[in-house]
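Engineer: upload.cif is reproduced below (mmCIF, N, CA and C atoms and all ligand atoms).
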data_model
loop_
_atom_site.label_atom_id
_atom_site.label_comp_id
_atom_site.auth_asym_id
_atom_site.auth_seq_id
_atom_site.Cartn_x
_atom_site.Cartn_y
_atom_site.Cartn_z
N MET A 73 105.46 83.54 10.96
CA MET A 73 105.61 84.49 9.86
C MET A 73 105.13 83.85 8.55
N THR A 74 104.32 84.55 7.78
CA THR A 74 103.85 83.99 6.52
C THR A 74 104.97 84.04 5.47
N GLN A 75 104.73 83.38 4.37
CA GLN A 75 105.73 83.36 3.30
C GLN A 75 105.98 84.76 2.74
N VAL A 76 104.89 85.50 2.58
CA VAL A 76 105.06 86.85 2.01
C VAL A 76 105.77 87.77 3.01
N GLU A 77 105.50 87.59 4.30
CA GLU A 77 106.19 88.39 5.33
C GLU A 77 107.68 88.05 5.34
N ALA A 78 108.01 86.76 5.19
CA ALA A 78 109.42 86.36 5.14
C ALA A 78 110.08 86.96 3.90
N GLY A 79 109.32 87.02 2.80
CA GLY A 79 109.84 87.62 1.57
C GLY A 79 110.15 89.10 1.78
N LEU A 80 109.25 89.79 2.45
CA LEU A 80 109.47 91.22 2.70
C LEU A 80 110.65 91.42 3.65
N ALA A 81 110.74 90.57 4.67
CA ALA A 81 111.82 90.71 5.65
C ALA A 81 113.20 90.57 4.99
N ALA A 82 113.25 89.87 3.88
CA ALA A 82 114.52 89.66 3.20
C ALA A 82 114.92 90.84 2.32
N ILE A 83 113.99 91.77 2.13
CA ILE A 83 114.26 92.96 1.30
C ILE A 83 114.67 94.11 2.21
N ALA A 84 115.74 94.78 1.89
CA ALA A 84 116.19 95.91 2.72
C ALA A 84 115.11 97.00 2.74
N PRO A 85 114.90 97.65 3.90
CA PRO A 85 113.91 98.72 3.95
C PRO A 85 114.12 99.80 2.87
N SER A 86 115.37 100.01 2.50
CA SER A 86 115.66 101.04 1.49
C SER A 86 115.13 100.66 0.10
N GLU A 87 114.67 99.42 -0.05
CA GLU A 87 114.10 98.96 -1.32
C GLU A 87 112.58 98.80 -1.22
N ARG A 88 112.02 99.19 -0.09
CA ARG A 88 110.58 99.00 0.13
C ARG A 88 109.83 100.33 0.10
N VAL A 89 108.54 100.24 -0.18
CA VAL A 89 107.68 101.43 -0.05
C VAL A 89 106.46 101.07 0.81
N LEU A 90 105.89 102.10 1.40
CA LEU A 90 104.64 101.98 2.15
C LEU A 90 103.56 102.70 1.37
N VAL A 91 102.45 102.03 1.15
CA VAL A 91 101.33 102.64 0.43
C VAL A 91 100.11 102.66 1.35
N LEU A 92 99.58 103.86 1.55
CA LEU A 92 98.42 104.04 2.44
C LEU A 92 97.28 104.65 1.65
N SER A 93 96.07 104.31 2.04
CA SER A 93 94.93 104.96 1.42
C SER A 93 94.67 106.31 2.10
N HIS A 94 94.38 107.31 1.30
CA HIS A 94 94.16 108.67 1.83
C HIS A 94 92.95 108.73 2.77
N CYS A 95 92.05 107.73 2.67
CA CYS A 95 90.84 107.77 3.50
C CYS A 95 91.15 107.57 4.98
N LEU A 96 92.41 107.23 5.31
CA LEU A 96 92.80 107.06 6.71
C LEU A 96 93.08 108.40 7.40
N ARG A 97 93.14 109.48 6.63
CA ARG A 97 93.45 110.77 7.27
C ARG A 97 92.22 111.32 7.99
N PRO A 98 92.43 112.19 8.98
CA PRO A 98 91.28 112.79 9.66
C PRO A 98 90.64 113.85 8.74
N SER A 99 89.49 113.54 8.21
CA SER A 99 88.92 114.36 7.13
C SER A 99 88.63 115.80 7.55
N GLN A 100 88.33 116.02 8.82
CA GLN A 100 87.93 117.36 9.26
C GLN A 100 89.11 118.27 9.56
N SER A 101 90.26 117.71 9.84
CA SER A 101 91.36 118.56 10.31
C SER A 101 92.65 118.42 9.51
N CYS A 102 92.69 117.53 8.54
CA CYS A 102 93.93 117.29 7.80
C CYS A 102 94.25 118.49 6.89
N PRO A 103 95.45 119.07 7.05
CA PRO A 103 95.81 120.20 6.20
C PRO A 103 96.54 119.78 4.92
N GLY A 104 96.72 118.48 4.71
CA GLY A 104 97.47 118.00 3.55
C GLY A 104 96.79 118.33 2.23
N LYS A 105 97.62 118.48 1.20
CA LYS A 105 97.09 118.75 -0.15
C LYS A 105 97.60 117.66 -1.09
N PHE A 106 96.81 117.35 -2.10
CA PHE A 106 97.21 116.31 -3.05
C PHE A 106 98.16 116.85 -4.11
N GLY A 107 99.22 116.09 -4.33
CA GLY A 107 100.14 116.36 -5.42
C GLY A 107 100.15 115.17 -6.36
N LYS A 108 101.11 115.14 -7.26
CA LYS A 108 101.18 114.06 -8.26
C LYS A 108 101.40 112.69 -7.61
N SER A 109 102.12 112.69 -6.48
CA SER A 109 102.45 111.41 -5.84
C SER A 109 101.56 111.10 -4.65
N GLY A 110 100.44 111.79 -4.54
CA GLY A 110 99.53 111.53 -3.44
C GLY A 110 99.45 112.70 -2.48
N LEU A 111 98.91 112.41 -1.30
CA LEU A 111 98.74 113.47 -0.30
C LEU A 111 100.10 113.88 0.25
N ASP A 112 100.37 115.17 0.25
CA ASP A 112 101.61 115.68 0.86
C ASP A 112 101.30 116.10 2.28
N CYS A 113 102.02 115.52 3.24
CA CYS A 113 101.88 115.93 4.63
C CYS A 113 102.86 117.07 4.89
N PRO A 114 102.38 118.27 5.17
CA PRO A 114 103.34 119.35 5.44
C PRO A 114 104.09 119.10 6.74
N GLU A 115 105.35 119.48 6.75
CA GLU A 115 106.17 119.28 7.96
C GLU A 115 105.55 120.00 9.15
N SER A 116 104.81 121.06 8.87
CA SER A 116 104.22 121.87 9.96
C SER A 116 102.96 121.23 10.56
N CYS A 117 102.51 120.10 10.00
CA CYS A 117 101.27 119.50 10.50
C CYS A 117 101.45 119.03 11.94
N SER A 118 100.56 119.45 12.81
CA SER A 118 100.69 119.09 14.23
C SER A 118 99.67 118.03 14.64
N GLU A 119 98.91 117.50 13.67
CA GLU A 119 97.94 116.45 14.00
C GLU A 119 98.66 115.17 14.41
N ASN A 120 98.16 114.50 15.43
CA ASN A 120 98.73 113.22 15.82
C ASN A 120 97.86 112.14 15.17
N CYS A 121 98.01 111.97 13.85
CA CYS A 121 97.13 111.02 13.16
C CYS A 121 97.88 109.75 12.78
N PHE A 122 97.12 108.71 12.46
CA PHE A 122 97.69 107.41 12.10
C PHE A 122 98.68 107.56 10.94
N ILE A 123 98.27 108.29 9.90
CA ILE A 123 99.14 108.42 8.73
C ILE A 123 100.47 109.07 9.12
N GLY A 124 100.38 110.12 9.92
CA GLY A 124 101.60 110.79 10.35
C GLY A 124 102.51 109.85 11.13
N ARG A 125 101.93 109.06 12.01
CA ARG A 125 102.73 108.16 12.86
C ARG A 125 103.42 107.07 12.02
N VAL A 126 102.67 106.43 11.13
CA VAL A 126 103.30 105.33 10.37
C VAL A 126 104.25 105.88 9.30
N ARG A 127 103.93 107.05 8.79
CA ARG A 127 104.83 107.68 7.80
C ARG A 127 106.19 107.93 8.44
N GLN A 128 106.17 108.49 9.65
CA GLN A 128 107.43 108.76 10.36
C GLN A 128 108.18 107.47 10.63
N MET A 129 107.43 106.44 11.02
CA MET A 129 108.10 105.18 11.34
C MET A 129 108.77 104.59 10.09
N ALA A 130 108.04 104.63 8.97
CA ALA A 130 108.60 104.07 7.72
C ALA A 130 109.86 104.84 7.31
N LEU A 131 109.80 106.16 7.41
CA LEU A 131 110.96 106.95 6.99
C LEU A 131 112.14 106.70 7.93
N LYS A 132 111.83 106.57 9.22
CA LYS A 132 112.88 106.30 10.21
C LYS A 132 113.53 104.93 9.94
N ALA A 133 112.70 103.97 9.52
CA ALA A 133 113.21 102.63 9.22
C ALA A 133 114.00 102.60 7.91
N GLY A 134 113.95 103.69 7.14
CA GLY A 134 114.73 103.76 5.91
C GLY A 134 113.96 103.42 4.66
N TYR A 135 112.63 103.39 4.75
CA TYR A 135 111.84 103.07 3.55
C TYR A 135 112.12 104.08 2.44
N LYS A 136 112.04 103.56 1.23
CA LYS A 136 112.33 104.36 0.05
C LYS A 136 111.31 105.46 -0.18
N GLY A 137 110.09 105.21 0.24
CA GLY A 137 109.05 106.21 0.03
C GLY A 137 107.75 105.80 0.68
N VAL A 138 106.89 106.81 0.89
CA VAL A 138 105.56 106.58 1.45
C VAL A 138 104.57 107.29 0.53
N CYS A 139 103.59 106.54 0.05
CA CYS A 139 102.57 107.13 -0.82
C CYS A 139 101.22 107.09 -0.10
N ILE A 140 100.62 108.26 0.03
CA ILE A 140 99.27 108.33 0.59
C ILE A 140 98.38 108.54 -0.64
N ALA A 141 97.89 107.45 -1.16
CA ALA A 141 97.31 107.45 -2.50
C ALA A 141 95.83 107.77 -2.52
N ALA A 142 95.43 108.48 -3.56
CA ALA A 142 94.01 108.78 -3.75
C ALA A 142 93.31 107.67 -4.52
N GLY A 143 94.05 106.67 -4.94
CA GLY A 143 93.44 105.56 -5.67
C GLY A 143 94.51 104.59 -6.15
N GLY A 144 94.04 103.47 -6.70
CA GLY A 144 94.95 102.41 -7.12
C GLY A 144 95.94 102.83 -8.19
N ALA A 145 95.49 103.66 -9.15
CA ALA A 145 96.37 104.06 -10.25
C ALA A 145 97.55 104.88 -9.71
N MET A 146 97.25 105.76 -8.76
CA MET A 146 98.31 106.60 -8.17
C MET A 146 99.30 105.73 -7.39
N ALA A 147 98.78 104.76 -6.65
CA ALA A 147 99.64 103.87 -5.87
C ALA A 147 100.54 103.04 -6.79
N LEU A 148 99.95 102.57 -7.87
CA LEU A 148 100.71 101.75 -8.81
C LEU A 148 101.83 102.56 -9.48
N ARG A 149 101.51 103.79 -9.84
CA ARG A 149 102.52 104.66 -10.46
C ARG A 149 103.68 104.88 -9.47
N PHE A 150 103.35 105.07 -8.20
CA PHE A 150 104.37 105.29 -7.17
C PHE A 150 105.28 104.07 -7.05
N VAL A 151 104.66 102.89 -7.02
CA VAL A 151 105.44 101.63 -6.92
C VAL A 151 106.37 101.51 -8.12
N LYS A 152 105.84 101.83 -9.28
CA LYS A 152 106.64 101.72 -10.51
C LYS A 152 107.78 102.74 -10.51
N ASP A 153 107.46 103.99 -10.20
CA ASP A 153 108.48 105.06 -10.23
C ASP A 153 109.60 104.80 -9.23
N HIS A 154 109.26 104.16 -8.11
CA HIS A 154 110.26 103.92 -7.06
C HIS A 154 110.95 102.55 -7.20
N HIS A 155 110.59 101.80 -8.25
CA HIS A 155 111.21 100.47 -8.46
C HIS A 155 111.19 99.66 -7.16
N ALA A 156 110.02 99.67 -6.51
CA ALA A 156 109.91 99.02 -5.20
C ALA A 156 110.12 97.52 -5.32
N ARG A 157 110.94 96.96 -4.44
CA ARG A 157 111.17 95.51 -4.40
C ARG A 157 110.39 94.85 -3.27
N GLY A 158 109.74 95.67 -2.44
CA GLY A 158 108.88 95.17 -1.37
C GLY A 158 107.86 96.24 -1.03
N ILE A 159 106.64 95.82 -0.68
CA ILE A 159 105.55 96.78 -0.47
C ILE A 159 104.77 96.40 0.79
N VAL A 160 104.48 97.42 1.60
CA VAL A 160 103.49 97.28 2.67
C VAL A 160 102.32 98.16 2.24
N ALA A 161 101.12 97.60 2.20
CA ALA A 161 99.97 98.34 1.68
C ALA A 161 98.80 98.26 2.65
N VAL A 162 98.17 99.42 2.87
CA VAL A 162 96.98 99.50 3.72
C VAL A 162 95.87 100.14 2.90
N ALA A 163 94.80 99.41 2.68
CA ALA A 163 93.69 99.95 1.89
C ALA A 163 92.47 99.04 2.07
N CYS A 164 91.38 99.41 1.41
CA CYS A 164 90.18 98.57 1.47
C CYS A 164 90.37 97.36 0.55
N ASP A 165 89.59 96.34 0.73
CA ASP A 165 89.74 95.09 -0.03
C ASP A 165 89.73 95.34 -1.53
N LYS A 166 88.81 96.20 -1.97
CA LYS A 166 88.66 96.44 -3.41
C LYS A 166 89.95 97.03 -3.99
N GLU A 167 90.50 98.05 -3.32
CA GLU A 167 91.72 98.70 -3.81
C GLU A 167 92.91 97.74 -3.73
N LEU A 168 92.95 96.93 -2.66
CA LEU A 168 94.07 96.00 -2.50
C LEU A 168 94.09 94.97 -3.61
N LEU A 169 92.92 94.42 -3.92
CA LEU A 169 92.86 93.41 -4.98
C LEU A 169 93.25 94.02 -6.32
N ALA A 170 92.75 95.23 -6.59
CA ALA A 170 93.10 95.89 -7.85
C ALA A 170 94.60 96.19 -7.88
N GLY A 171 95.15 96.60 -6.72
CA GLY A 171 96.57 96.93 -6.65
C GLY A 171 97.45 95.71 -6.88
N ILE A 172 97.05 94.58 -6.29
CA ILE A 172 97.85 93.35 -6.47
C ILE A 172 97.86 92.95 -7.94
N ASP A 173 96.70 93.03 -8.57
CA ASP A 173 96.62 92.72 -10.01
C ASP A 173 97.53 93.65 -10.79
N GLY A 174 97.50 94.93 -10.43
CA GLY A 174 98.32 95.92 -11.13
C GLY A 174 99.80 95.63 -10.97
N VAL A 175 100.24 95.29 -9.76
CA VAL A 175 101.66 94.99 -9.51
C VAL A 175 102.06 93.72 -10.26
N LYS A 176 101.13 92.74 -10.30
CA LYS A 176 101.40 91.49 -11.03
C LYS A 176 101.65 91.80 -12.50
N ASN A 177 100.79 92.63 -13.09
CA ASN A 177 100.95 92.98 -14.50
C ASN A 177 102.25 93.75 -14.73
N LEU A 178 102.54 94.65 -13.81
CA LEU A 178 103.75 95.48 -13.89
C LEU A 178 105.00 94.62 -13.86
N SER A 179 104.94 93.53 -13.08
CA SER A 179 106.11 92.69 -12.86
C SER A 179 106.25 91.60 -13.92
N GLY A 180 105.25 91.49 -14.79
CA GLY A 180 105.31 90.46 -15.82
C GLY A 180 104.86 89.10 -15.33
N GLY A 181 104.09 89.05 -14.26
CA GLY A 181 103.55 87.76 -13.79
C GLY A 181 103.74 87.59 -12.30
N ALA A 182 102.95 86.68 -11.72
CA ALA A 182 102.96 86.47 -10.27
C ALA A 182 104.34 86.04 -9.75
N GLY A 183 105.09 85.28 -10.57
CA GLY A 183 106.39 84.77 -10.14
C GLY A 183 107.43 85.86 -9.91
N ASN A 184 107.25 87.00 -10.58
CA ASN A 184 108.24 88.08 -10.46
C ASN A 184 107.79 89.20 -9.52
N MET A 185 106.64 88.99 -8.91
CA MET A 185 106.08 90.08 -8.08
C MET A 185 106.91 90.35 -6.84
N PRO A 186 107.07 91.63 -6.47
CA PRO A 186 107.68 91.89 -5.16
C PRO A 186 106.73 91.46 -4.07
N PRO A 187 107.26 91.07 -2.89
CA PRO A 187 106.34 90.70 -1.80
C PRO A 187 105.49 91.90 -1.38
N ILE A 188 104.19 91.67 -1.23
CA ILE A 188 103.27 92.73 -0.78
C ILE A 188 102.61 92.26 0.50
N VAL A 189 102.95 92.89 1.61
CA VAL A 189 102.25 92.60 2.87
C VAL A 189 101.07 93.55 2.93
N ILE A 190 99.88 92.98 2.94
CA ILE A 190 98.69 93.82 2.87
C ILE A 190 97.93 93.79 4.18
N ILE A 191 97.49 94.95 4.58
CA ILE A 191 96.72 95.07 5.82
C ILE A 191 95.39 95.73 5.47
N PRO A 192 94.31 94.96 5.55
CA PRO A 192 93.01 95.52 5.20
C PRO A 192 92.48 96.46 6.28
N LEU A 193 91.56 97.31 5.90
CA LEU A 193 90.97 98.24 6.86
C LEU A 193 90.06 97.50 7.83
N LEU A 194 89.98 98.02 9.06
CA LEU A 194 89.02 97.47 10.03
C LEU A 194 87.66 98.12 9.80
N LYS A 195 87.69 99.40 9.40
CA LYS A 195 86.45 100.12 9.14
C LYS A 195 86.67 100.87 7.83
N ASP A 196 85.89 100.52 6.80
CA ASP A 196 86.06 101.25 5.55
C ASP A 196 84.89 102.21 5.35
N GLY A 197 84.67 102.64 4.14
CA GLY A 197 83.60 103.60 3.90
C GLY A 197 84.13 104.87 3.26
N CYS A 198 85.40 104.87 2.87
CA CYS A 198 86.02 105.94 2.07
C CYS A 198 86.39 107.21 2.84
N VAL A 199 85.88 107.41 4.05
CA VAL A 199 86.23 108.62 4.84
C VAL A 199 86.48 108.19 6.28
N ASP A 200 87.55 108.77 6.88
CA ASP A 200 87.87 108.49 8.29
C ASP A 200 87.87 106.98 8.58
N THR A 201 88.57 106.26 7.76
CA THR A 201 88.63 104.80 7.92
C THR A 201 89.64 104.43 9.01
N GLU A 202 89.65 103.17 9.39
CA GLU A 202 90.52 102.72 10.49
C GLU A 202 91.21 101.41 10.14
N VAL A 203 92.37 101.22 10.78
CA VAL A 203 93.14 99.98 10.57
C VAL A 203 93.79 99.61 11.90
N ASP A 204 94.20 98.36 12.02
CA ASP A 204 94.92 97.91 13.21
C ASP A 204 96.35 98.46 13.13
N GLU A 205 96.59 99.53 13.88
CA GLU A 205 97.87 100.23 13.79
C GLU A 205 99.04 99.32 14.17
N GLU A 206 98.83 98.48 15.16
CA GLU A 206 99.91 97.60 15.61
C GLU A 206 100.34 96.65 14.49
N ARG A 207 99.35 96.17 13.72
CA ARG A 207 99.68 95.28 12.58
C ARG A 207 100.53 95.99 11.55
N VAL A 208 100.21 97.26 11.34
CA VAL A 208 100.98 98.02 10.35
C VAL A 208 102.42 98.23 10.86
N PHE A 209 102.57 98.57 12.14
CA PHE A 209 103.91 98.74 12.71
C PHE A 209 104.71 97.44 12.61
N GLN A 210 104.04 96.33 12.89
CA GLN A 210 104.75 95.03 12.82
C GLN A 210 105.21 94.75 11.39
N ALA A 211 104.31 95.04 10.42
CA ALA A 211 104.66 94.79 9.02
C ALA A 211 105.84 95.67 8.60
N LEU A 212 105.80 96.93 9.00
CA LEU A 212 106.87 97.86 8.62
C LEU A 212 108.21 97.42 9.16
N SER A 213 108.19 96.83 10.36
CA SER A 213 109.47 96.53 11.01
C SER A 213 110.00 95.14 10.67
N LEU A 214 109.32 94.40 9.79
CA LEU A 214 109.80 93.06 9.42
C LEU A 214 111.22 93.16 8.87
N GLY A 215 112.12 92.43 9.49
CA GLY A 215 113.50 92.40 9.01
C GLY A 215 114.29 93.67 9.25
N SER A 216 113.67 94.64 9.97
CA SER A 216 114.40 95.88 10.24
C SER A 216 114.56 96.03 11.74
N ARG A 217 115.44 96.93 12.14
CA ARG A 217 115.73 97.05 13.57
C ARG A 217 114.89 98.12 14.25
N VAL A 218 113.97 98.76 13.52
CA VAL A 218 113.16 99.83 14.12
C VAL A 218 111.97 99.24 14.87
S1 LIG B 301 99.97 113.92 9.23
FE1 LIG B 301 99.38 114.08 7.04
S2 LIG B 301 97.49 112.88 6.88
FE2 LIG B 301 97.79 113.32 9.06
S3 LIG B 301 96.61 115.18 9.40
FE3 LIG B 301 98.74 115.80 8.96
S4 LIG B 301 98.76 116.20 6.75
FE4 LIG B 301 96.90 115.02 7.18
#
Using structure tokens, write down the structure that the file contains.
Structural biologist:
Amino acid sequence: MTQVEAGLAAIAPSERVLVLSHCLRPSQSCPGKFGKSGLDCPESCSENCFIGRVRQMALKAGYKGVCIAAGGAMALRFVKDHHARGIVAVACDKELLAGIDGVKNLSGGAGNMPPIVIIPLLKDGCVDTEVDEERVFQALSLGSRV
């Protein structure tokens, strides 16, 4: 386990958030609409998509919130509004680096930052992107019984 993973495992799931990039949704069939806090997945959605699966897992594990963000600014606002003490983030390298900088600034420096377990995309390109789902499940379940 890495140091940052151990840091996340020590934070209760109820103090953590999951941040996903919206580009992971199935672009041709996703019925979700964007709101102020990101993509809203309607309860009636019957797609068996990655976002739906990990969102359900995070909520079942007791995560404070899940943000399917349209960009770094939206993700950062979500982290701030939810006073997240731990973060699991899935996005492209560019967004992840910008997000880490943003969280660092928000926290007043690297020493005060909440642990961020980051999982980069396997296939990027802004539409219908892919990630190692098992890695995301493992990150979500750090220190939790789910
Ligand atoms: S679960 Fe959410 S992201 Fe996936 S297809 Fe449904 S609305 Fe879109």
Engineer: Within 9 Å of stretch 144-155 of chain A, counting only C-alpha atoms, which residues qualify if same-chain residues fewer than 5 places away don't, as a PyMOL selection string?
Structural biologist: chain A and resi 87-89+91-93+108-110+136-139+167-168+170-171+174-175+178
Engineer: Return as a ChimeraX atom specification the full set of residues in stretch 94-152 of chain A whose backbone-based DSSP assignment is strand (DSSP E).
Structural biologist: /A:105-107,110-112,137-141
Engineer: Name the closest residue to A:Leu194 among the candidates A:Leu90, A:Gly104, A:Val126, A:Cys164; distances are taken between atoms, counting all atoms listed in the file.
Structural biologist: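 The closest residue to A:Leu194 is A:Cys164.
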Engineer: Taking a cut-off of 6.5 Å and counting all atoms listed in the file, can you build a table that, for each residue of chain A near ligand LIG 301 (chain B), reports the nearest atom pair and how far apart they are in Å (one decimal), sorted by chain then residue number, as JSON lines?
Structural biologist:
{"residue": "A:Leu96", "atom": "C", "partner": "B:LIG301", "partner_atom": "S2", "distance": 6.3}
{"residue": "A:Arg97", "atom": "CA", "partner": "B:LIG301", "partner_atom": "S2", "distance": 4.6}
{"residue": "A:Pro98", "atom": "N", "partner": "B:LIG301", "partner_atom": "S3", "distance": 5.2}
{"residue": "A:Ser101", "atom": "C", "partner": "B:LIG301", "partner_atom": "S3", "distance": 5.1}
{"residue": "A:Cys102", "atom": "CA", "partner": "B:LIG301", "partner_atom": "S3", "distance": 3.8}
{"residue": "A:Pro103", "atom": "N", "partner": "B:LIG301", "partner_atom": "FE4", "distance": 4.3}
{"residue": "A:Gly104", "atom": "N", "partner": "B:LIG301", "partner_atom": "S4", "distance": 3.7}
{"residue": "A:Lys105", "atom": "N", "partner": "B:LIG301", "partner_atom": "S4", "distance": 6.1}
{"residue": "A:Asp112", "atom": "C", "partner": "B:LIG301", "partner_atom": "S4", "distance": 5.1}
{"residue": "A:Cys113", "atom": "CA", "partner": "B:LIG301", "partner_atom": "S4", "distance": 3.8}
{"residue": "A:Pro114", "atom": "N", "partner": "B:LIG301", "partner_atom": "S4", "distance": 4.5}
{"residue": "A:Cys117", "atom": "CA", "partner": "B:LIG301", "partner_atom": "FE3", "distance": 4.7}
{"residue": "A:Ser118", "atom": "N", "partner": "B:LIG301", "partner_atom": "FE3", "distance": 5.6}
{"residue": "A:Glu119", "atom": "CA", "partner": "B:LIG301", "partner_atom": "S3", "distance": 5.0}
{"residue": "A:Asn120", "atom": "C", "partner": "B:LIG301", "partner_atom": "FE2", "distance": 6.2}
{"residue": "A:Cys121", "atom": "CA", "partner": "B:LIG301", "partner_atom": "FE2", "distance": 4.7}
{"residue": "A:Phe122", "atom": "N", "partner": "B:LIG301", "partner_atom": "FE2", "distance": 5.8}
{"residue": "A:Ile123", "atom": "C", "partner": "B:LIG301", "partner_atom": "S1", "distance": 4.9}
{"residue": "A:Gly124", "atom": "CA", "partner": "B:LIG301", "partner_atom": "S1", "distance": 3.7}
{"residue": "A:Arg125", "atom": "N", "partner": "B:LIG301", "partner_atom": "S1", "distance": 5.9}
Engineer: Please, what distance in Å, to one decimal, runs between atom C of A:Met73 and atom C of A:Lys166?
Structural biologist: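 Calculated distance between atom C of A:Met73 and atom C of A:Lys166 is 23.7 Å.
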